Structure formats: C-alpha cells, structure tokens
>>> print(open('input.txt').read())   # compact mmCIF, C-alpha atoms
# COMPACT_ATOMS: atom_id res chain seq x y z
CA MET A 1 4.54 -7.74 -44.50
CA ALA A 2 8.05 -7.52 -45.95
CA VAL A 3 11.01 -7.65 -43.57
CA SER A 4 14.40 -6.38 -44.68
CA ARG A 5 17.53 -8.51 -44.55
CA THR A 6 19.18 -6.11 -42.11
CA THR A 7 16.28 -6.45 -39.70
CA LEU A 8 16.45 -10.24 -39.86
CA LYS A 9 20.18 -10.21 -39.24
CA SER A 10 19.77 -7.94 -36.22
CA LEU A 11 16.99 -10.14 -34.82
CA PHE A 12 18.97 -13.35 -35.29
CA GLY A 13 22.06 -11.64 -33.93
CA VAL A 14 20.29 -10.60 -30.76
CA CYS A 15 18.76 -14.07 -30.34
CA GLY A 16 22.15 -15.65 -30.87
CA VAL A 17 23.73 -13.48 -28.21
CA VAL A 18 20.98 -14.34 -25.77
CA HIS A 19 21.33 -18.11 -26.34
CA ARG A 20 25.14 -18.16 -26.38
CA GLN A 21 25.57 -15.89 -23.37
CA PRO A 22 25.68 -18.68 -20.77
CA LEU A 23 28.43 -20.40 -22.80
CA LEU A 24 30.61 -17.37 -23.48
CA PHE A 25 30.43 -15.48 -20.18
CA PRO A 26 30.94 -16.89 -16.71
CA SER A 27 28.46 -16.20 -13.94
CA SER A 28 30.57 -13.42 -12.41
CA LEU A 29 30.65 -11.46 -15.67
CA ARG A 30 26.90 -11.95 -16.15
CA CYS A 31 26.25 -10.54 -12.68
CA ALA A 32 28.50 -7.58 -13.44
CA SER A 33 26.69 -6.88 -16.71
CA ILE A 34 23.32 -7.09 -14.95
CA GLN A 35 24.53 -4.59 -12.34
CA ILE A 36 25.71 -2.22 -15.09
CA ILE A 37 22.36 -2.42 -16.89
CA ARG A 38 20.49 -1.98 -13.64
CA SER A 39 22.52 1.07 -12.66
CA LYS A 40 22.02 2.48 -16.14
CA PHE A 41 18.24 2.28 -15.99
CA GLU A 42 17.86 3.19 -12.30
CA ARG A 43 20.11 6.24 -12.28
CA ASP A 44 18.73 9.68 -11.53
CA TYR A 45 17.49 11.99 -14.21
CA GLN A 46 20.15 13.83 -16.23
CA ARG A 47 19.15 16.85 -18.23
CA PRO A 48 19.77 16.36 -21.97
CA GLY A 49 22.88 18.15 -23.19
CA GLN A 50 24.44 18.41 -19.74
CA PRO A 51 27.65 16.50 -18.88
CA PRO A 52 27.37 13.80 -16.19
CA ASP A 53 28.48 14.55 -12.65
CA THR A 54 31.77 12.66 -12.24
CA ARG A 55 32.60 13.88 -8.75
CA TRP A 56 33.36 11.41 -6.00
CA PRO A 57 30.75 11.07 -3.23
CA TRP A 58 32.95 12.79 -0.64
CA GLN A 59 33.42 15.74 -2.99
CA MET A 60 29.68 16.46 -2.83
CA ILE A 61 29.71 16.90 0.95
CA ASN A 62 30.32 20.29 2.51
CA PHE A 63 32.35 19.60 5.65
CA ASP A 64 31.65 22.03 8.48
CA PHE A 65 32.65 21.33 12.10
CA SER A 66 30.05 23.62 13.67
CA LYS A 67 27.25 22.10 11.61
CA GLY A 68 28.49 18.65 12.55
CA VAL A 69 28.30 19.40 16.27
CA GLU A 70 24.81 20.87 15.88
CA SER A 71 23.71 17.83 13.89
CA VAL A 72 25.00 15.42 16.55
CA ARG A 73 23.14 17.36 19.23
CA LYS A 74 19.96 17.32 17.17
CA HIS A 75 20.06 13.57 16.47
CA PHE A 76 20.77 12.64 20.09
CA GLY A 77 17.78 14.78 21.08
CA LEU A 78 15.61 12.89 18.59
CA LEU A 79 16.92 9.59 19.92
CA LYS A 80 16.01 10.64 23.45
CA ASP A 81 12.48 11.58 22.38
CA GLU A 82 12.04 8.26 20.58
CA PHE A 83 13.11 6.34 23.67
CA PHE A 84 10.68 8.06 26.05
CA GLN A 85 7.80 8.11 23.56
CA ARG A 86 7.83 4.32 23.41
CA TRP A 87 7.00 4.16 27.11
CA ILE A 88 4.00 6.49 26.68
CA GLY A 89 2.38 4.93 23.63
CA PRO A 90 2.28 5.12 19.80
CA GLU A 91 3.77 8.41 18.60
CA GLY A 92 4.05 9.62 22.18
CA LYS A 93 0.29 9.39 22.88
CA PRO A 94 -1.52 7.16 25.38
CA ILE A 95 -2.92 4.02 23.82
CA ILE A 96 -6.53 4.99 24.65
CA GLU A 97 -6.16 8.38 23.00
CA HIS A 98 -4.55 6.76 19.97
CA MET A 99 -7.38 4.25 19.56
CA LEU A 100 -10.19 6.78 19.97
CA GLU A 101 -8.63 9.47 17.78
CA GLN A 102 -11.04 10.53 15.03
CA THR A 103 -9.27 13.57 13.53
CA ARG A 104 -5.68 14.69 13.25
CA VAL A 105 -4.01 17.74 11.75
CA VAL A 106 -0.75 16.63 10.16
CA TRP A 107 0.39 19.88 8.54
CA GLU A 108 -0.66 23.40 9.39
CA PHE A 109 1.10 26.60 8.41
CA ARG A 110 1.48 28.89 11.41
CA GLY A 111 4.96 30.29 10.92
CA PRO A 112 8.03 30.44 8.67
CA GLU A 113 9.44 27.22 10.14
CA SER A 114 6.44 25.26 8.82
CA LEU A 115 7.52 25.97 5.23
CA ASN A 116 10.83 24.18 5.81
CA GLU A 117 8.96 20.88 5.67
CA TRP A 118 8.10 21.32 1.98
CA ILE A 119 9.97 21.23 -1.33
CA VAL A 120 8.84 23.28 -4.34
CA SER A 121 9.87 22.23 -7.85
CA SER A 122 8.94 22.93 -11.45
CA ASP A 123 9.94 21.97 -14.98
CA GLN A 124 12.97 24.23 -14.69
CA GLU A 125 14.75 21.07 -13.55
CA ILE A 126 14.47 19.76 -17.12
CA GLY A 127 15.01 23.12 -18.80
CA GLY A 128 11.39 24.36 -18.77
CA HIS A 129 10.11 27.86 -18.12
CA SER A 130 7.55 27.38 -15.32
CA VAL A 131 8.22 28.95 -11.94
CA ALA A 132 6.72 28.19 -8.53
CA TYR A 133 7.10 29.84 -5.13
CA VAL A 134 5.77 29.18 -1.64
CA ASN A 135 5.23 31.80 1.05
CA LEU A 136 3.05 32.41 4.05
CA GLY A 137 -0.33 34.01 3.48
CA LYS A 138 -1.95 36.83 5.38
CA ASN A 139 -1.30 36.89 9.14
CA ASN A 140 1.20 34.04 8.66
CA THR A 141 -1.55 31.43 9.07
CA THR A 142 -1.74 29.83 5.61
CA CYS A 143 0.54 28.53 2.87
CA MET A 144 0.48 30.33 -0.46
CA LEU A 145 1.69 28.33 -3.47
CA TYR A 146 1.84 30.51 -6.56
CA GLY A 147 3.76 30.99 -9.78
CA THR A 148 3.44 30.82 -13.55
CA LEU A 149 2.88 27.74 -15.67
CA CYS A 150 4.48 27.49 -19.11
CA SER A 151 4.06 24.39 -21.30
CA THR A 152 6.74 25.34 -23.85
CA PRO A 153 9.25 22.47 -23.93
CA PRO A 154 12.99 23.19 -23.72
CA ARG A 155 14.96 23.31 -26.96
CA ASP A 156 17.25 20.39 -26.23
CA GLY A 157 16.10 18.09 -29.03
CA GLU A 158 14.87 15.37 -26.66
CA THR A 159 12.20 16.75 -24.30
CA ARG A 160 8.78 16.76 -25.97
CA TYR A 161 6.47 17.81 -23.13
CA SER A 162 6.83 20.30 -20.32
CA GLY A 163 4.76 22.47 -18.02
CA TYR A 164 4.34 21.40 -14.40
CA CYS A 165 4.77 22.83 -10.90
CA SER A 166 4.61 20.89 -7.67
CA MET A 167 5.00 21.10 -3.93
CA ARG A 168 5.93 18.01 -1.92
CA SER A 169 6.47 17.38 1.77
CA LYS A 170 9.84 16.18 2.97
CA PRO A 171 9.93 12.54 4.08
CA PRO A 172 10.09 12.17 7.86
CA LYS A 173 13.39 11.15 9.38
CA ALA A 174 14.18 9.49 12.68
CA SER A 175 17.38 10.02 14.63
CA PHE A 176 20.60 9.74 12.62
CA ASP A 177 18.61 10.00 9.37
CA ARG A 178 16.92 6.65 9.74
CA LYS A 179 13.76 5.96 7.77
CA LYS A 180 10.49 6.93 9.38
CA HIS A 181 6.93 6.71 8.11
CA TYR A 182 3.59 8.29 8.90
CA ASP A 183 1.10 5.81 10.33
CA TRP A 184 -2.36 6.76 9.05
CA SER A 185 -3.92 3.32 9.48
CA SER A 186 -6.45 4.68 12.00
CA PHE A 187 -7.97 7.01 9.38
CA ASN A 188 -9.67 6.53 6.04
CA THR A 189 -10.15 10.10 4.70
CA LEU A 190 -7.86 12.95 3.74
CA HIS A 191 -9.16 16.37 4.82
CA LEU A 192 -7.90 19.64 3.33
CA ARG A 193 -8.98 23.25 3.67
CA ILE A 194 -7.91 25.12 0.55
CA ARG A 195 -8.68 28.13 -1.57
CA GLY A 196 -7.74 27.95 -5.26
CA ASP A 197 -8.23 29.78 -8.53
CA GLY A 198 -10.36 27.18 -10.33
CA ARG A 199 -7.52 25.03 -11.66
CA PRO A 200 -7.47 21.24 -11.27
CA TRP A 201 -4.64 19.84 -9.17
CA MET A 202 -3.36 16.36 -8.54
CA ILE A 203 -2.79 15.10 -4.99
CA ASN A 204 0.06 12.59 -4.81
CA VAL A 205 0.72 10.29 -1.84
CA SER A 206 3.79 8.08 -1.79
CA ALA A 207 4.28 5.07 0.46
CA GLU A 208 7.17 2.76 1.23
CA THR A 209 7.78 -0.04 -1.28
CA TYR A 210 9.61 -3.36 -1.15
CA PHE A 211 11.65 -3.14 -4.35
CA SER A 212 13.81 -0.39 -5.83
CA HIS A 213 12.04 -0.41 -9.20
CA GLN A 214 8.86 0.70 -7.39
CA ARG A 215 10.36 3.92 -6.08
CA ASP A 216 8.41 5.99 -8.63
CA ASP A 217 5.05 4.51 -7.60
CA ILE A 218 2.62 7.09 -6.23
CA TYR A 219 -1.08 7.17 -5.44
CA SER A 220 -2.96 10.06 -6.98
CA TYR A 221 -6.37 11.67 -7.04
CA PHE A 222 -7.83 14.85 -8.49
CA LEU A 223 -8.40 18.06 -6.58
CA TYR A 224 -10.81 20.49 -8.21
CA THR A 225 -10.74 24.03 -6.85
CA ARG A 226 -13.75 26.32 -7.18
CA GLY A 227 -12.00 29.67 -7.32
CA GLY A 228 -13.24 32.80 -5.64
CA PRO A 229 -12.73 34.22 -2.15
CA TYR A 230 -14.35 31.39 -0.18
CA TRP A 231 -12.59 28.52 1.52
CA GLN A 232 -13.20 24.98 0.36
CA ASP A 233 -13.22 21.91 2.65
CA VAL A 234 -12.22 18.84 0.68
CA LYS A 235 -12.54 15.29 1.99
CA ILE A 236 -11.10 12.49 -0.16
CA PRO A 237 -11.28 8.83 0.98
CA PHE A 238 -8.00 6.98 0.64
CA SER A 239 -9.86 4.25 -1.24
CA LYS A 240 -10.21 6.65 -4.19
CA PHE A 241 -6.47 7.02 -4.76
CA PHE A 242 -5.19 5.06 -7.77
CA LEU A 243 -1.70 3.74 -8.41
CA SER A 244 0.49 5.34 -11.09
CA SER A 245 4.16 5.22 -11.96
CA ARG A 246 6.02 7.92 -13.90
CA GLY A 247 2.74 9.45 -14.99
CA ARG A 248 1.16 6.21 -16.21
CA ILE A 249 -1.82 4.58 -14.49
CA GLN A 250 -1.00 0.95 -13.70
CA ASP A 251 -3.19 -2.00 -14.70
CA SER A 252 -2.45 -3.82 -11.45
CA GLN A 253 -4.10 -1.72 -8.74
CA HIS A 254 -3.98 -2.31 -4.99
CA PRO A 255 -4.89 -0.19 -1.95
CA LEU A 256 -2.56 2.32 -0.38
CA TRP A 257 -0.49 1.21 2.60
CA LEU A 258 -1.60 3.72 5.20
CA ASP A 259 0.91 2.59 7.82
CA LYS A 260 3.95 3.46 5.65
CA ILE A 261 3.24 6.92 4.22
CA ASN A 262 6.29 8.90 3.15
CA THR A 263 5.17 12.11 1.46
CA ILE A 264 2.20 14.03 0.13
CA GLY A 265 2.33 16.53 -2.71
CA PHE A 266 0.36 18.77 -5.04
CA THR A 267 1.04 18.92 -8.78
CA LEU A 268 -0.31 21.29 -11.42
CA GLY A 269 -0.03 20.38 -15.09
CA ASP A 270 -3.27 21.32 -16.84
CA LYS A 271 -1.47 22.83 -19.90
CA ALA A 272 -3.14 26.20 -19.30
CA ASP A 273 -0.29 28.68 -19.44
CA GLY A 274 -0.48 31.58 -17.03
CA PRO A 275 -0.38 32.42 -13.33
CA PHE A 276 -1.76 30.09 -10.69
CA GLN A 277 -2.40 30.22 -6.96
CA LEU A 278 -3.30 27.71 -4.27
CA GLU A 279 -3.75 28.63 -0.62
CA ILE A 280 -3.70 25.87 2.01
CA ASP A 281 -4.90 26.26 5.57
CA PHE A 282 -4.23 22.75 6.90
CA ILE A 283 -3.89 19.13 5.82
CA GLY A 284 -5.48 16.61 8.14
CA LEU A 285 -7.01 13.17 8.50
CA ASN A 286 -10.48 11.91 9.38
CA ASN A 287 -11.94 8.59 10.38
CA ASP A 288 -15.30 8.56 8.66
CA CYS A 289 -17.27 5.64 10.09
CA ALA A 290 -19.90 5.97 7.35
CA HIS A 291 -17.31 5.21 4.66
CA THR A 292 -16.86 1.45 4.40
CA GLU A 293 -15.30 1.16 0.94
CA GLU A 294 -11.93 -0.57 0.94
CA PHE A 295 -10.88 0.13 -2.65
CA ALA A 296 -12.78 1.87 -5.43
CA TYR A 297 -11.15 0.14 -8.38
CA GLU A 298 -11.31 -3.33 -9.82
CA LEU A 299 -8.70 -5.81 -8.64
CA TYR A 300 -7.60 -8.34 -11.22
CA LYS A 301 -7.07 -11.89 -10.00
CA LYS A 302 -3.95 -13.37 -11.54
CA ASN A 303 -3.96 -16.93 -12.87
CA PRO A 304 -2.00 -19.06 -10.38
>>> encode(input="input.txt", output="structure tokens")
Amino acid sequence: MAVSRTTLKSLFGVCGVVHRQPLLFPSSLRCASIQIIRSKFERDYQRPGQPPDTRWPWQMINFDFSKGVESVRKHFGLLKDEFFQRWIGPEGKPIIEHMLEQTRVVWEFRGPESLNEWIVSSDQEIGGHSVAYVNLGKNNTTCMLYGTLCSTPPRDGETRYSGYCSMRSKPPKASFDRKKHYDWSSFNTLHLRIRGDGRPWMINVSAETYFSHQRDDIYSYFLYTRGGPYWQDVKIPFSKFFLSSRGRIQDSQHPLWLDKINTIGFTLGDKADGPFQLEIDFIGLNNDCAHTEEFAYELYKKNP
C-alpha cells in the first residue's frame, strides 16, 4: 500500500510533538492544555451553524426576589422532612415495611402536577422536524405521549441522521438542590401498564456514575406495544437491561446499580414517519422471587 509523502510528514510530525512535549512544555502548561482538550470534548451539544453562547454564568440567571423567598421556604421544608424521615426509617417508612415491600408504584399520573416531573424532547433540538407532546388522558388518570415522527435530517451540512422523540423523568433533588437517587435495590423487575399503537419503544434507565466521561451511559431495553384498545402489563427484569453510551452498545457490560437510579425515559426512533401515541397508566416495581438471574449478558474477564 502506497503512502504519500504528506501523510508520512504529518505522522512523523505528530509523533515528534508527542515525544518532545515533556521537554518543550512545563507541567503547568501541560495540565492547562489537558483541561482545554477535556472541556472541548465534554462540552454540551451545540447545534451546527449556531454561534456559541458567550454569556457569563450570572447572565443566565433570572433574579426574582419573590421566587427566591419561595425557593428558600421550599428547601427548608424538604430539609425538615429529610430530618424526621431518618428517625422513622428508609424513605420515611418503618424498617419492617421496607424489608417486606414487594411492589411499589413510583410514578402514576393522577393530575396536572404529575406531568411536571417529566421532560419531553425531540430532534427539534438539533434542527429536526419531529414534535412530541404530553398531556393527561381521559378522566385525568393517565399520561398521553403523542406527536409526529419525522426522520428528515436538518439541512445544516453536518447532521446525517434524525428522527426521535423522548420523554424522561426529572432527576430527584434533595433540599438545596443536592443530589438524590432512587433506591430500587429491593426490587428486580420493572412493571408498566401501557397502551400503545404498535410501535417499538426503548426504555432508558440512567444511574449515577463515578467519572464524568460516563455521564452518557444508560441502560436500555426494548418495549414492544401491541396496539389496539386494550391495556398491556409489561414486566421487564432489570437483569435484561444492557449498557449503551451515545447510542452504541458497549462491549464491557455490567449490571445496573439499582441503589443509585437517577432517571427513566422512553424513546421512539423506529424511522417510521408519522403520528405516534403512547398512553401510560403507572410505572412501578416488583420483587419477583421466581426470577433469580443476576445479569443476562456475558461478562468478559479482563487479563490482570
């Protein structure tokens, strides 16, 4: 295979820079360059063709005295609840009830305030044409996720694929916006009662990670809806969820951390343009004693 002279020069030039870097740059400059590269690759998504947001952090905050007072009152109320719940037991329940709990309803839609716990998004964030909405169903007892899917990519010269809609729960927050996680370690099965239109969905569960480069890691599994007027009870063991990052299934698989759950979401991207609809009654958890599988996928042992 022939290699051009320009390619060889570029390869030797890069190698030379790598080998001479410890001699030319002091440690402080190397750390600064690493931080610049890290911030470059870990920054949030920016739509192609749009100018970067150069505002200062304090310019993005909307200062309002009345909202500040209400926020302080809210967070001190949460702090009070956290203090007294610790004396009762885990999550404010007696320890016996917590140990013997077999089922739990985490999300149910029984009023307009229940929709405030969810975030709806689509490919409009990257210039696409799909739309998604969420409303209450009949008698205000269900959640109706509907919209139109369009897989036509935006004409920005960079985006090649498009066409997705999703709904994701907001991560739980403790008092003063501290991190909080759902503890599902007492359960092994996800239980949903849904009614769809026959489209396949993807259920995504995100958990807390140790490192910042793992923030896009999610655990996913397929949700196949039957369509028609009848409700569908779906039970999916957590051992079936597989690890993926930015849409790519990872070679190194490991079980989901059920004691540090952040969010759960539903994503549609089957490339079938047209309207869609998914109705959800509740999202709960089960402890199925007959299910003893720890993880459904092969775990590779690394060479020590």
>>> residues_around(input="input.txt", residues="region 242-253 of chain A", least_positions_apart="2", cutoff="6 Å", atoms="all atoms listed in the file", output="ChimeraX atom specification")
/A:216-220
>>> residues_near_point(input="input.txt", point="(-1.4, 29.8, 1.5)", cutoff="7 Å", atoms="all atoms listed in the file", output="JSON, numbers by chain")
{"A": [135, 136, 137, 142, 143, 144, 145, 278, 279, 280, 281]}
>>> closest_residue(input="input.txt", among="A:Ile96, A:Val234, A:Val106, A:Leu299", to="His254 (chain A)", atoms="all atoms listed in the file")
A:Leu299
>>> atom_distance(input="input.txt", atom1="CA of Gln124 (chain A)", atom2="CA of Cys150 (chain A)")
10.1 Å
>>> residues_around(input="input.txt", residues="Ile261 (chain A)", least_positions_apart="2", cutoff="10 Å", atoms="all atoms listed in the file", output="PyMOL selection string")
chain A and resi 171-172+180-185+205-209+256-259+263-264
>>> atom_distance(input="input.txt", atom1="CA of Pro237 (chain A)", atom2="CA of Ser166 (chain A)")
21.7 Å
>>> atom_distance(input="input.txt", atom1="CA of Pro275 (chain A)", atom2="CA of Ala132 (chain A)")
9.6 Å
>>> closest_residue(input="input.txt", among="A:Glu158, A:Glu101, A:Asp123, A:Glu82", to="Gly269 (chain A)", atoms="only C-alpha atoms")
A:Asp123
>>> build_atoms(input="input.txt", residues="region 140-163 of chain A", atoms="N, CA, C and O atoms", output="short mmCIF file (atom, residue, chain, number, x, y, z; two decimals), in the frame of the given file")
data_model
loop_
_atom_site.label_atom_id
_atom_site.label_comp_id
_atom_site.auth_asym_id
_atom_site.auth_seq_id
_atom_site.Cartn_x
_atom_site.Cartn_y
_atom_site.Cartn_z
N ASN A 140 0.30 35.19 8.47
CA ASN A 140 1.20 34.04 8.66
C ASN A 140 0.45 32.81 9.17
O ASN A 140 0.94 32.07 10.04
N THR A 141 -0.73 32.57 8.63
CA THR A 141 -1.55 31.43 9.07
C THR A 141 -1.89 30.47 7.95
O THR A 141 -2.56 29.46 8.20
N THR A 142 -1.46 30.72 6.74
CA THR A 142 -1.74 29.83 5.61
C THR A 142 -0.50 29.71 4.74
O THR A 142 0.46 30.49 4.87
N CYS A 143 -0.53 28.73 3.85
CA CYS A 143 0.54 28.53 2.87
C CYS A 143 0.05 28.97 1.50
O CYS A 143 -1.03 28.56 1.06
N MET A 144 0.84 29.80 0.85
CA MET A 144 0.48 30.33 -0.46
C MET A 144 1.45 29.76 -1.51
O MET A 144 2.63 30.09 -1.52
N LEU A 145 0.92 28.89 -2.36
CA LEU A 145 1.69 28.33 -3.47
C LEU A 145 1.26 29.04 -4.75
O LEU A 145 0.10 28.96 -5.14
N TYR A 146 2.18 29.72 -5.39
CA TYR A 146 1.84 30.51 -6.56
C TYR A 146 3.00 30.48 -7.54
O TYR A 146 4.12 30.04 -7.22
N GLY A 147 2.74 30.96 -8.74
CA GLY A 147 3.76 30.99 -9.78
C GLY A 147 3.13 31.14 -11.14
O GLY A 147 2.00 31.60 -11.29
N THR A 148 3.88 30.73 -12.15
CA THR A 148 3.44 30.82 -13.55
C THR A 148 3.74 29.51 -14.24
O THR A 148 4.85 28.98 -14.15
N LEU A 149 2.74 28.99 -14.94
CA LEU A 149 2.88 27.74 -15.67
C LEU A 149 3.14 28.03 -17.14
O LEU A 149 2.46 28.86 -17.75
N CYS A 150 4.12 27.34 -17.70
CA CYS A 150 4.48 27.49 -19.11
C CYS A 150 4.72 26.09 -19.69
O CYS A 150 5.59 25.37 -19.20
N SER A 151 3.97 25.72 -20.71
CA SER A 151 4.06 24.39 -21.30
C SER A 151 5.00 24.32 -22.49
O SER A 151 5.02 23.31 -23.20
N THR A 152 5.78 25.36 -22.74
CA THR A 152 6.74 25.34 -23.85
C THR A 152 7.91 24.42 -23.51
O THR A 152 8.59 24.64 -22.50
N PRO A 153 8.16 23.39 -24.27
CA PRO A 153 9.25 22.47 -23.93
C PRO A 153 10.61 23.11 -24.18
O PRO A 153 10.75 24.03 -25.00
N PRO A 154 11.63 22.66 -23.49
CA PRO A 154 12.99 23.19 -23.72
C PRO A 154 13.52 22.77 -25.09
O PRO A 154 13.15 21.72 -25.62
N ARG A 155 14.39 23.58 -25.64
CA ARG A 155 14.96 23.31 -26.96
C ARG A 155 16.24 22.51 -26.82
O ARG A 155 17.34 22.99 -27.08
N ASP A 156 16.09 21.26 -26.36
CA ASP A 156 17.25 20.39 -26.23
C ASP A 156 17.23 19.24 -27.22
O ASP A 156 18.14 18.41 -27.22
N GLY A 157 16.17 19.14 -28.03
CA GLY A 157 16.10 18.09 -29.03
C GLY A 157 15.58 16.77 -28.51
O GLY A 157 15.42 15.84 -29.31
N GLU A 158 15.33 16.64 -27.21
CA GLU A 158 14.87 15.37 -26.66
C GLU A 158 13.56 15.50 -25.89
O GLU A 158 12.71 14.62 -25.98
N THR A 159 13.40 16.57 -25.12
CA THR A 159 12.20 16.75 -24.30
C THR A 159 11.04 17.20 -25.17
O THR A 159 11.14 18.21 -25.88
N ARG A 160 9.94 16.46 -25.12
CA ARG A 160 8.78 16.76 -25.97
C ARG A 160 7.68 17.49 -25.20
O ARG A 160 6.93 18.26 -25.80
N TYR A 161 7.56 17.21 -23.91
CA TYR A 161 6.47 17.81 -23.13
C TYR A 161 7.05 18.49 -21.90
O TYR A 161 8.06 18.05 -21.34
N SER A 162 6.38 19.54 -21.49
CA SER A 162 6.83 20.30 -20.32
C SER A 162 5.62 21.04 -19.76
O SER A 162 4.53 21.03 -20.33
N GLY A 163 5.82 21.68 -18.62
CA GLY A 163 4.76 22.47 -18.02
C GLY A 163 4.16 21.85 -16.78
O GLY A 163 3.05 21.32 -16.82
#
